[in-house]
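Colleague: Mind looking over this structure? Questions follow.
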Protein chains: 4
Amino acid sequence: MEENKRNRLLTSAYNLFIHKGINKTTIQDIVDAARVAKGTFYLYFEDKYKLQEELVVEKSKELFNNALDELSKHKIKKFEDQVNFILDYIIDSMASEVGILNFISKDLSLGLYQDKISSLIEKDTLKIYDMFMTGAKENKIKKPEIALFMIIEFFSATAYSVLTHKMDITISEYKIYLHKVVKNILND
Amino acid sequence: MEENKRNRLLTSAYNLFIHKGINKTTIQDIVDAARVAKGTFYLYFEDKYKLQEELVVEKSKELFNNALDELSKHKIKKFEDQVNFILDYIIDSMASEVGILNFISKDLSLGLYQDKISSLIEKDTLKIYDMFMTGAKENKIKKPEIALFMIIEFFSATAYSVLTHKMDITISEYKIYLHKVVKNILND
Amino acid sequence: MEENKRNRLLTSAYNLFIHKGINKTTIQDIVDAARVAKGTFYLYFEDKYKLQEELVVEKSKELFNNALDELSKHKIKKFEDQVNFILDYIIDSMASEVGILNFISKDLSLGLYQDKISSLIEKDTLKIYDMFMTGAKENKIKKPEIALFMIIEFFSATAYSVLTHKMDITISEYKIYLHKVVKNILND
Amino acid sequence: MEENKRNRLLTSAYNLFIHKGINKTTIQDIVDAARVAKGTFYLYFEDKYKLQEELVVEKSKELFNNALDELSKHKIKKFEDQVNFILDYIIDSMASEVGILNFISKDLSLGLYQDKISSLIEKDTLKIYDMFMTGAKENKIKKPEIALFMIIEFFSATAYSVLTHKMDITISEYKIYLHKVVKNILND
DNA sequence: TATGAATGAGGGTTCATTCAT
DNA sequence: GATGAATGAACCCTCATTCAT
């Protein structure tokens with residue numbers, strides 16, 4: 001039963017965050033949507049931001065794992081192409097699901113999100129991290145961690161701007177640049 | 001006298017923002033530090049965020065203009081090298097002046113800052129924008145606006161991470177990557 | 001416990017309103033007097049004026065119902081006399097209880113009060129309204145609603161002035177005029 | 001020059017009062033409209049309410065005097081008819097000039113207004129007061145002050161309600177009631 | 001576990017009034 | 001007379017957090 005309420009809180013918060021942003025979502029809003037008492041919130045989460053953190057990790061894992069699943073279906077040989085496939089998959093997912101974009105960026109700075117993503121990626125439990133490191137080793141990439149970091153940072157910053165139409169460029173056009181920068185970083 | 005108080009508010013706010021971040025800085029804090037009555041704040045600024053905006057624009061202009069001044073002293077011929085010189089100058093400035101770094105990133109999302117920077121850069125009154133466009137034209141760079149955007153986004157995202165030691169890499173090492181990506185983007 | 005605090009707020013507000021008037025009574029005053037936290041006020045009332053509204057309705061109902069109770073003890077036959085009995089009862093009540101008079105008129109315009117009273121009276125749930133309409137019908141009064149309105153308006157305006165000694169006339173003298181006007185309005 | 005600014009303040013305040021009501025009109029609003037500095041306000045008026053008082057007296061005198069002027073053109077013999085003529089004139093004026101109605105009643109309670117009117121009427125400098133007392137004496141009305149008071153109170157309360165459509169009755173219908181009550185009060 | 005009434009610090013904002021110029 | 005920058009008390013309201021039940 002307890003997990004039930006905890007999950008309801010997570011789901012309700014997610015829906016509110018993507019619609020109103022975190023700062024404008026109150027704990028009252030969350031517990032109302034979850035049909036749970038206010039005190040119950042504090043039984044499961046220290047505060048709003050701890051809940052958010054959990055949500056970001058969860059949603060990111062989902063995104064990455066879906067990308068990996070899809071990758072495994074395509075038998076792509078070249079490491080560079082694998083990396084690009086994953087990045088393309090992520091940007092396409094985000095383009096089709098506006099919610100997650102708002103979630104990671106309205107109020108929530110992208111920079112903040114990057115903190116979370118980075119710490120997420122550094123966890124060796126994360127399959128995508130392993131996949132990258134394995135591929136990097138096989139391809140004798142010198143500093144794989146820095147390379148990954150550069151790719152992620154570049155991707156995060158630019159993809160967000162492209163998706164929100166801050167930059168007047170289509171996703172297809174953007175991918176060309178992206179692939180070139182990735183190639184450049186990997187073939188150090 | 002009036003400009004005096006206005007300036008005291010700006011200065012006090014700047015100092016508080018870089019130490020506590022904007023969200024944790026209250027208007028009461030600002031007026032206390034400026035030794036000014038609360039109502040005086042509202043005489044000059046609509047709210048905390050308007051003041052911040054003014055501060056960001058001002059500080060950014062300072063940074064860009066200093067970079068350009070310095071560039072003009074060095075007689076660098078190649079466009080790509082000029083761009084790199086400016087980026088290096090900015091990252092070095094930020095490295096030596098911790099304040100501005102906290103100011104643009106604590107609470108304040110980097111993304112938000114980029115909005116400001118971007119709108120700032122798009123103003124044709126801004127010398128740095130002109131400089132880039134002129135150089136790009138001379139070098140027959142195809143889509144100078146997209147190139148500039150890519151460089152700024154990449155630089156903003158990575159420089160911040162490097163300066164805050166989120167990534168274990170020295171500034172010198174970082175510059176090597178940076179220059180390569182810049183080269184790659186410019187020689188499209 | 002909850003109703004306890006709510007009632008304490010109502011009582012405290014009433015006492016403050018009758019002594020200082022609504023406009024000069026702050027929410028801080030009310031919660032202090034009720035020995036309750038500020039936030040508690042907003043738990044029960046939207047704002048000061050909603051509380052006031054509730055108070056006016058409550059006090060008015062009390063007054064009307066007492067008047068009707070008393071009327072029923074006196075077996076008065078004639079409709080006109082019944083109406084005068086009620087008006088007399090109300091003015092006597094107000095004369096003996098200064099509080100309610102200040103409450104309905106200091107700051108609070110009498111006109112405003114009339115709005116409340118009128119809407120109160122128009123509710124068919126209100127016994128006094130039924131009593132009047134029934135009596136009016138039996139006595140073949142042509143436009144009972146207008147008659148009631150005229151009586152109420154005349155009574156409200158003059159009674160208030162008499163009770164506050166704005167006019168140098170005793171209550172007894174006043175009743176004579178009042179009864180004449182009532183008679184005149186009813187025997188249209 | 002000074003009278004000029006003073007008058008501009010009065011005029012501006014009047015226009016604001018009739019549109020926004022007194023409570024929502026700030027001194028800043030008034031001085032802005034009068035194109036005068038804030039401090040200047042305090043040179044001529046103690047506060048907003050002293051200005052308002054002056055305005056009420058002035059506008060009321062205007063209304064009464066216009067009524068008297070018009071009366072003198074009609075050679076009406078009977079005292080009762082003269083009184084009714086004046087009341088009719090006033091309600092017709094108010095009906096045609098919405099401004100004054102808002103002025104005396106939005107925020108400003110009618111009761112408050114009555115205070116002013118009453119004190120105004122008691123001043124023997126007021127022609128209308130003289131006219132009434134003279135007529136009353138000639139007609140051997142016993143307590144002319146009380147009669148005047150009753151008429152004014154009844155008229156104020158009901159006319160306001162009729163004009164603001166709080167009561168569903170035409171002005172013509174209303175006048176019939178009004179005249180009957182006046183007759184009744186005068187023929188005591 | 002679960003509740004939700006109660007808390008109260010703290011936020012932003014307004015505005016009548018003063019006073020040095 | 002005239003100005004308007006400066007004041008600061010006062011206000012309303014929000015909301016994360018606690019705690020007795």
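If you're wondering about the labels, chains in the structure tokens are A, B, ... by order shown, residues count from 1 in each chain, ligands from 1 in order shown.
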Which chain B residues have any atom within 12 Å of an atom of chain F, and for each, what is the nearest pair of atoms with distance in Å to one decimal, counting only C-alpha atoms (C1' of nucleotides), rows sorted by chain and number, as a Markdown table?

Modeller:
```
| residue | atom | partner | partner_atom | distance |
| --- | --- | --- | --- | --- |
| B:Met1 | CA | F:DA5 | C1' | 8.7 |
| B:Glu2 | CA | F:DA5 | C1' | 7.0 |
| B:Glu3 | CA | F:DA5 | C1' | 10.6 |
| B:Asn4 | CA | F:DA5 | C1' | 11.6 |
| B:Lys5 | CA | F:DA6 | C1' | 10.0 |
| B:Arg6 | CA | F:DA5 | C1' | 11.4 |
| B:Val31 | CA | F:DG8 | C1' | 11.8 |
| B:Arg35 | CA | F:DT7 | C1' | 11.9 |
| B:Val36 | CA | F:DA6 | C1' | 8.6 |
| B:Ala37 | CA | F:DT7 | C1' | 6.1 |
| B:Lys38 | CA | F:DG8 | C1' | 7.2 |
| B:Gly39 | CA | F:DT7 | C1' | 7.0 |
| B:Thr40 | CA | F:DA6 | C1' | 6.5 |
| B:Phe41 | CA | F:DA6 | C1' | 10.3 |
| B:Tyr42 | CA | F:DA6 | C1' | 11.1 |
| B:Leu43 | CA | F:DA5 | C1' | 8.7 |
| B:Tyr44 | CA | F:DA5 | C1' | 10.8 |
```

Colleague: Which RMSD value, in Å, describes how well chain D fits onto chain C when all C-alpha atoms are paired in order and fitted by least squares?

Modeller: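 Overlaying the two chains on their C-alpha atoms yields 0.4 Å.
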
Colleague: Taking only C-alpha atoms (C1' of nucleotides) into account, what are the residues of chain E at most 10 Å from chain C, put as a list in words?

Modeller: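 Only these qualify: DA5, DA6, DT7 and DG8 of chain E.
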
Colleague: What gap, in Å, lies between atom CA of C:Ile128 and atom CA of D:Ile151?

Modeller: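 Straight-line distance from atom CA of C:Ile128 to atom CA of D:Ile151 works out to 26.7 Å.
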
Colleague: Go ahead and compute the interatomic distance for atom CA of D:Ile141 and atom CA of D:Lys78, in Å to one decimal.

Modeller: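 The value is 13.3 Å.
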
Colleague: Measure the distance from atom CA of B:Phe85 to atom CA of B:Val56 in Å and round it to one decimal.

Modeller: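 Between these atoms lies a distance of 22.4 Å.
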
Colleague: Would you list the contacts of B:Phe45 as a PyMOL selection string, taking every protein, DNA or RNA residue within 10 Å and counting only C-alpha atoms (C1' of nucleotides), but skipping same-chain residues closer than 6 positions in sequence?

Modeller: chain B and resi 6+9-10+51-52+54

Colleague: Please produce a file of those selected residues containing C-alpha atoms, as a compact mmCIF listing (two decimals), in the first residue's frame.

Modeller:
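Resulting contents of selection_3.txt:
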```
# COMPACT_ATOMS: atom_id res chain seq x y z
CA ARG B 6 20.29 53.02 -7.57
CA LEU B 9 21.25 48.71 -4.93
CA LEU B 10 22.91 47.23 -8.01
CA LEU B 51 17.48 44.13 -11.45
CA GLN B 52 19.22 40.85 -12.18
CA GLU B 54 20.22 44.61 -15.86
```
